[in-house]
Amino acid sequence: MDIQTKILVFKTNLETEEGIRAVSAALNQHPEIIRWNVDQWDIDKVLRIEACTPSSPSSIIEMIRSAGFVCDELPD
Amino acid sequence: MFIYICGMRVRDEAKEIAIRKKAMELIVQEGFDGLSMHKLAKAAGVSVATIYIYYKDREDLILNLCEKETMRMTEATLKDFDPYMSFGEGLKNQWRNRATFWLKNPIEAQFLERMRHSPYQERILFFLKTDFIEAMKTFVHNAIKNKELVKVPVEVFWSVAYAPLYQLVKFHMDGASFPGQAPFVLTDKVMNQTLSLVVKGLSP
C-alpha cells in the first residue's frame with residue numbers, strides 16, 4: 001500500500017538552534033508530519049516537511065507563526 | 001507552492017540530473033558560497049521547492065554528489081585494471097582511465113578535485129571504497145616486490161607516477177601550456193612519451 005507523501009517547503013527565520021528548539025516539540029507532535037528539517041545554510045532558512053496527505057500547510061504556518069517566527073510559502 | 005508525490009516514486013530524472021550537473025558547475029565556478037538554492041534553481045530551470053524534493057538541504061545535496069561522483073570515478077579508474085599487471089602496463093592503464101574520465105567528465109572531475117581540498121575531504125576519503133584503495137596498494141606492493149618499482153614514500157610515488165598525467169590533462173583542457181606556446185592536445189604519443197619517462201624514473 002502506498003502512503004501518499006507530500007513535501008512542503010516554507011520560508012522562515014529559524015536562524016538559530018534556539019529557534020529550531022522552540023518549534024521542535026510542536027513539529028514533532030504534529031500528526032501529519034513524518035519528518036522535518038531546516039536548511040540552516042540557505043538564506044530562506046527553508047523548513048522542509050515530509051507530510052502525509054491530506055495535510056494542511058496553513059496549520060503548519062499557523063503553528064510556526066504563533067511561536068513567534070516568520071513562516072510563508074516558499075516563492076518559486 | 002506544494003509538490004505532490006505518490007509514495008516518493010514520482011521523480012523527474014531529467015530535472016534531477018540538471019540539478020546535480022548545475023550544482024557541480026556552480027561549485028567549480030564559484031566555490032561553495034556560490035551554491036545557493038536560488039541560484040541553483042535558476043541555473044537548472046526548476047523551482048527551489050523542486051530541489052527540496054530530492055534533497056533535505058544543501059549539505060545533503062553536496063554529500064550526495066560527493067558520494068555518487070566518487071563512486072563513478074573509482075569505477076572508471078578501475079576499468080580493465082588488474083593489480084597484478086606489470087608496473088608499466090598497470091600505470092598505462094591508470095593513465096588512460098584517469099585521462100579519459102577527466103576529459104569525458106570535466107565538471108565532475110573538477111568538482112571532485114575541489115572536494116578533495118575542502119572541508120569535505122574526509123567524506124571523500126570515507127566514500128572511497130576499500131576495493132579501490134586495496135587495488136592501488138596491491139599494485140604498488142606487487143611492483144616493488146617484482147623489482148619494477150623503487151620503494152619511496154607515497155607522496156613521492158604519487159608526485160612522480162600521477163602528477164605528470166594530471167598536468168598534461170590540465171594543459172589539454174586549457175588548450176595550451178603557457179602563454180605564447182602552440183596549442184596543445186593530449187595525444188597518445190605525448191602520453192606515452194611522458195609515461196615512459198615516469199616508468200624509467202621509478203625503476204630501481
# chains A, B, ... in the order shown; residues from 1 in each chain; ligands from 1

$ select_by_dssp --residues "stretch 45-193 of chain B" --states "helix (DSSP H, G or I)" --output "VMD selection string"
chain B and resid 48 to 54 58 to 77 87 to 104 106 to 116 121 to 127 130 to 145 154 to 161 163 to 174 188 to 193

$ interface_residues --of "chain A" --to "chain B" --cutoff "12 Å" --atoms "only C-alpha atoms" --output "VMD selection string"
chain A and resid 1 to 11 35 to 58 72 to 76

$ write_last_selection --atoms "C-alpha atoms" --output "mmCIF file, in the first residue's frame"
data_model
loop_
_atom_site.group_PDB
_atom_site.id
_atom_site.type_symbol
_atom_site.label_atom_id
_atom_site.label_comp_id
_atom_site.auth_asym_id
_atom_site.auth_seq_id
_atom_site.Cartn_x
_atom_site.Cartn_y
_atom_site.Cartn_z
ATOM 1 C CA MET A 1 0.000 0.000 0.000
ATOM 2 C CA ASP A 2 1.427 3.347 -0.995
ATOM 3 C CA ILE A 3 1.426 6.072 1.599
ATOM 4 C CA GLN A 4 0.813 9.351 -0.107
ATOM 5 C CA THR A 5 3.592 11.693 0.916
ATOM 6 C CA LYS A 6 3.906 15.355 0.249
ATOM 7 C CA ILE A 7 6.904 17.626 0.554
ATOM 8 C CA LEU A 8 6.082 21.039 1.946
ATOM 9 C CA VAL A 9 8.603 23.850 1.993
ATOM 10 C CA PHE A 10 8.357 27.116 3.844
ATOM 11 C CA LYS A 11 10.469 30.209 4.112
ATOM 12 C CA ARG A 35 9.892 14.218 9.354
ATOM 13 C CA TRP A 36 11.210 17.737 9.047
ATOM 14 C CA ASN A 37 14.449 19.730 8.897
ATOM 15 C CA VAL A 38 15.606 23.293 8.488
ATOM 16 C CA ASP A 39 18.243 24.139 5.879
ATOM 17 C CA GLN A 40 20.218 26.467 8.073
ATOM 18 C CA TRP A 41 22.687 27.332 5.368
ATOM 19 C CA ASP A 42 20.067 28.666 2.999
ATOM 20 C CA ILE A 43 19.163 32.343 3.137
ATOM 21 C CA ASP A 44 15.463 31.490 3.388
ATOM 22 C CA LYS A 45 16.029 29.083 6.312
ATOM 23 C CA VAL A 46 13.814 26.649 4.494
ATOM 24 C CA LEU A 47 11.689 24.423 6.692
ATOM 25 C CA ARG A 48 11.261 21.171 4.776
ATOM 26 C CA ILE A 49 8.487 18.839 5.853
ATOM 27 C CA GLU A 50 7.628 15.349 4.702
ATOM 28 C CA ALA A 51 3.919 15.117 5.431
ATOM 29 C CA CYS A 52 1.245 12.560 4.796
ATOM 30 C CA THR A 53 -1.731 13.619 2.767
ATOM 31 C CA PRO A 54 -4.064 15.137 3.386
ATOM 32 C CA SER A 55 -2.193 17.781 5.286
ATOM 33 C CA SER A 56 -2.813 21.431 5.731
ATOM 34 C CA PRO A 57 0.066 23.798 5.122
ATOM 35 C CA SER A 58 -1.935 26.518 6.810
ATOM 36 C CA ASP A 72 5.458 31.702 4.458
ATOM 37 C CA GLU A 73 5.013 29.631 1.348
ATOM 38 C CA LEU A 74 8.334 29.440 -0.480
ATOM 39 C CA PRO A 75 8.092 31.632 -3.563
ATOM 40 C CA ASP A 76 9.008 29.984 -6.872
#

$ closest_residue --among "B:Gly45, B:Ser203, B:Arg72, B:Asn93" --to "B:Ala109" --atoms "only C-alpha atoms"
B:Arg72

$ select_by_dssp --residues "chain A" --states "strand (DSSP E or B)" --output "list in words"
Gln4, Thr5, Lys6, Ile7, Leu8, Val9, Phe10, Lys11, Thr12, Ile33, Ile34, Arg35, Trp36, Asn37, Val38, Leu47, Arg48, Ile49, Glu50, Ala51, Cys52, Cys71, Asp72 and Glu73 of chain A

$ residues_around --residues "B:Val150" --least-positions-apart "5" --cutoff "7 Å" --atoms "only C-alpha atoms" --output "JSON, numbers by chain"
{"B": [144, 202, 203, 204]}

$ decode --residues "stretch 16-47 of chain A" --atoms "N, CA and C atoms" --output "short mmCIF file (atom, residue, chain, number, x, y, z; two decimals), in the first residue's frame"
data_model
loop_
_atom_site.label_atom_id
_atom_site.label_comp_id
_atom_site.auth_asym_id
_atom_site.auth_seq_id
_atom_site.Cartn_x
_atom_site.Cartn_y
_atom_site.Cartn_z
N THR A 16 18.54 30.29 14.41
CA THR A 16 19.38 29.78 15.49
C THR A 16 18.89 28.43 16.01
N GLU A 17 19.76 27.77 16.73
CA GLU A 17 19.41 26.49 17.35
C GLU A 17 18.23 26.67 18.31
N GLU A 18 18.24 27.82 19.01
CA GLU A 18 17.14 28.07 19.97
C GLU A 18 15.81 28.16 19.23
N GLY A 19 15.83 28.85 18.10
CA GLY A 19 14.61 29.00 17.32
C GLY A 19 14.07 27.63 16.92
N ILE A 20 14.98 26.80 16.44
CA ILE A 20 14.57 25.46 15.99
C ILE A 20 14.04 24.65 17.18
N ARG A 21 14.73 24.79 18.32
CA ARG A 21 14.27 24.08 19.52
C ARG A 21 12.87 24.53 19.90
N ALA A 22 12.62 25.82 19.75
CA ALA A 22 11.32 26.37 20.15
C ALA A 22 10.17 25.74 19.38
N VAL A 23 10.41 25.36 18.14
CA VAL A 23 9.32 24.79 17.34
C VAL A 23 9.38 23.27 17.24
N SER A 24 10.48 22.69 17.72
CA SER A 24 10.67 21.23 17.60
C SER A 24 9.52 20.41 18.14
N ALA A 25 9.16 20.72 19.37
CA ALA A 25 8.12 19.90 20.02
C ALA A 25 6.84 19.91 19.19
N ALA A 26 6.42 21.10 18.79
CA ALA A 26 5.18 21.20 18.03
C ALA A 26 5.28 20.46 16.71
N LEU A 27 6.42 20.58 16.02
CA LEU A 27 6.60 19.90 14.73
C LEU A 27 6.62 18.39 14.93
N ASN A 28 7.31 17.96 15.99
CA ASN A 28 7.41 16.52 16.24
C ASN A 28 6.06 15.91 16.59
N GLN A 29 5.21 16.72 17.24
CA GLN A 29 3.92 16.19 17.68
C GLN A 29 2.83 16.32 16.63
N HIS A 30 3.06 17.13 15.61
CA HIS A 30 2.04 17.33 14.57
C HIS A 30 1.72 15.99 13.91
N PRO A 31 0.43 15.59 13.91
CA PRO A 31 0.05 14.25 13.44
C PRO A 31 0.37 13.97 11.97
N GLU A 32 0.44 15.03 11.15
CA GLU A 32 0.66 14.78 9.72
C GLU A 32 2.12 14.84 9.30
N ILE A 33 2.99 15.26 10.21
CA ILE A 33 4.40 15.42 9.85
C ILE A 33 5.18 14.14 10.10
N ILE A 34 5.79 13.61 9.03
CA ILE A 34 6.59 12.38 9.15
C ILE A 34 8.00 12.74 9.60
N ARG A 35 8.61 13.68 8.89
CA ARG A 35 9.89 14.22 9.35
C ARG A 35 10.08 15.62 8.81
N TRP A 36 11.00 16.35 9.44
CA TRP A 36 11.21 17.74 9.05
C TRP A 36 12.66 18.13 9.30
N ASN A 37 13.13 19.16 8.61
CA ASN A 37 14.45 19.73 8.90
C ASN A 37 14.47 21.17 8.41
N VAL A 38 15.43 21.91 8.93
CA VAL A 38 15.61 23.29 8.49
C VAL A 38 16.96 23.40 7.79
N ASP A 39 16.98 23.93 6.59
CA ASP A 39 18.24 24.14 5.88
C ASP A 39 18.85 25.43 6.39
N GLN A 40 19.70 25.27 7.41
CA GLN A 40 20.22 26.47 8.07
C GLN A 40 21.19 27.26 7.22
N TRP A 41 21.74 26.60 6.20
CA TRP A 41 22.69 27.33 5.37
C TRP A 41 21.96 28.30 4.44
N ASP A 42 20.77 27.89 4.00
CA ASP A 42 20.07 28.67 3.00
C ASP A 42 19.54 29.99 3.56
N ILE A 43 19.56 30.99 2.72
CA ILE A 43 19.16 32.34 3.14
C ILE A 43 17.71 32.40 3.57
N ASP A 44 16.87 31.52 3.02
CA ASP A 44 15.46 31.49 3.39
C ASP A 44 15.18 30.58 4.58
N LYS A 45 16.20 29.99 5.17
CA LYS A 45 16.03 29.08 6.31
C LYS A 45 14.84 28.15 6.06
N VAL A 46 14.94 27.45 4.94
CA VAL A 46 13.81 26.65 4.49
C VAL A 46 13.48 25.52 5.46
N LEU A 47 12.22 25.51 5.88
CA LEU A 47 11.69 24.42 6.69
C LEU A 47 11.11 23.41 5.72
#
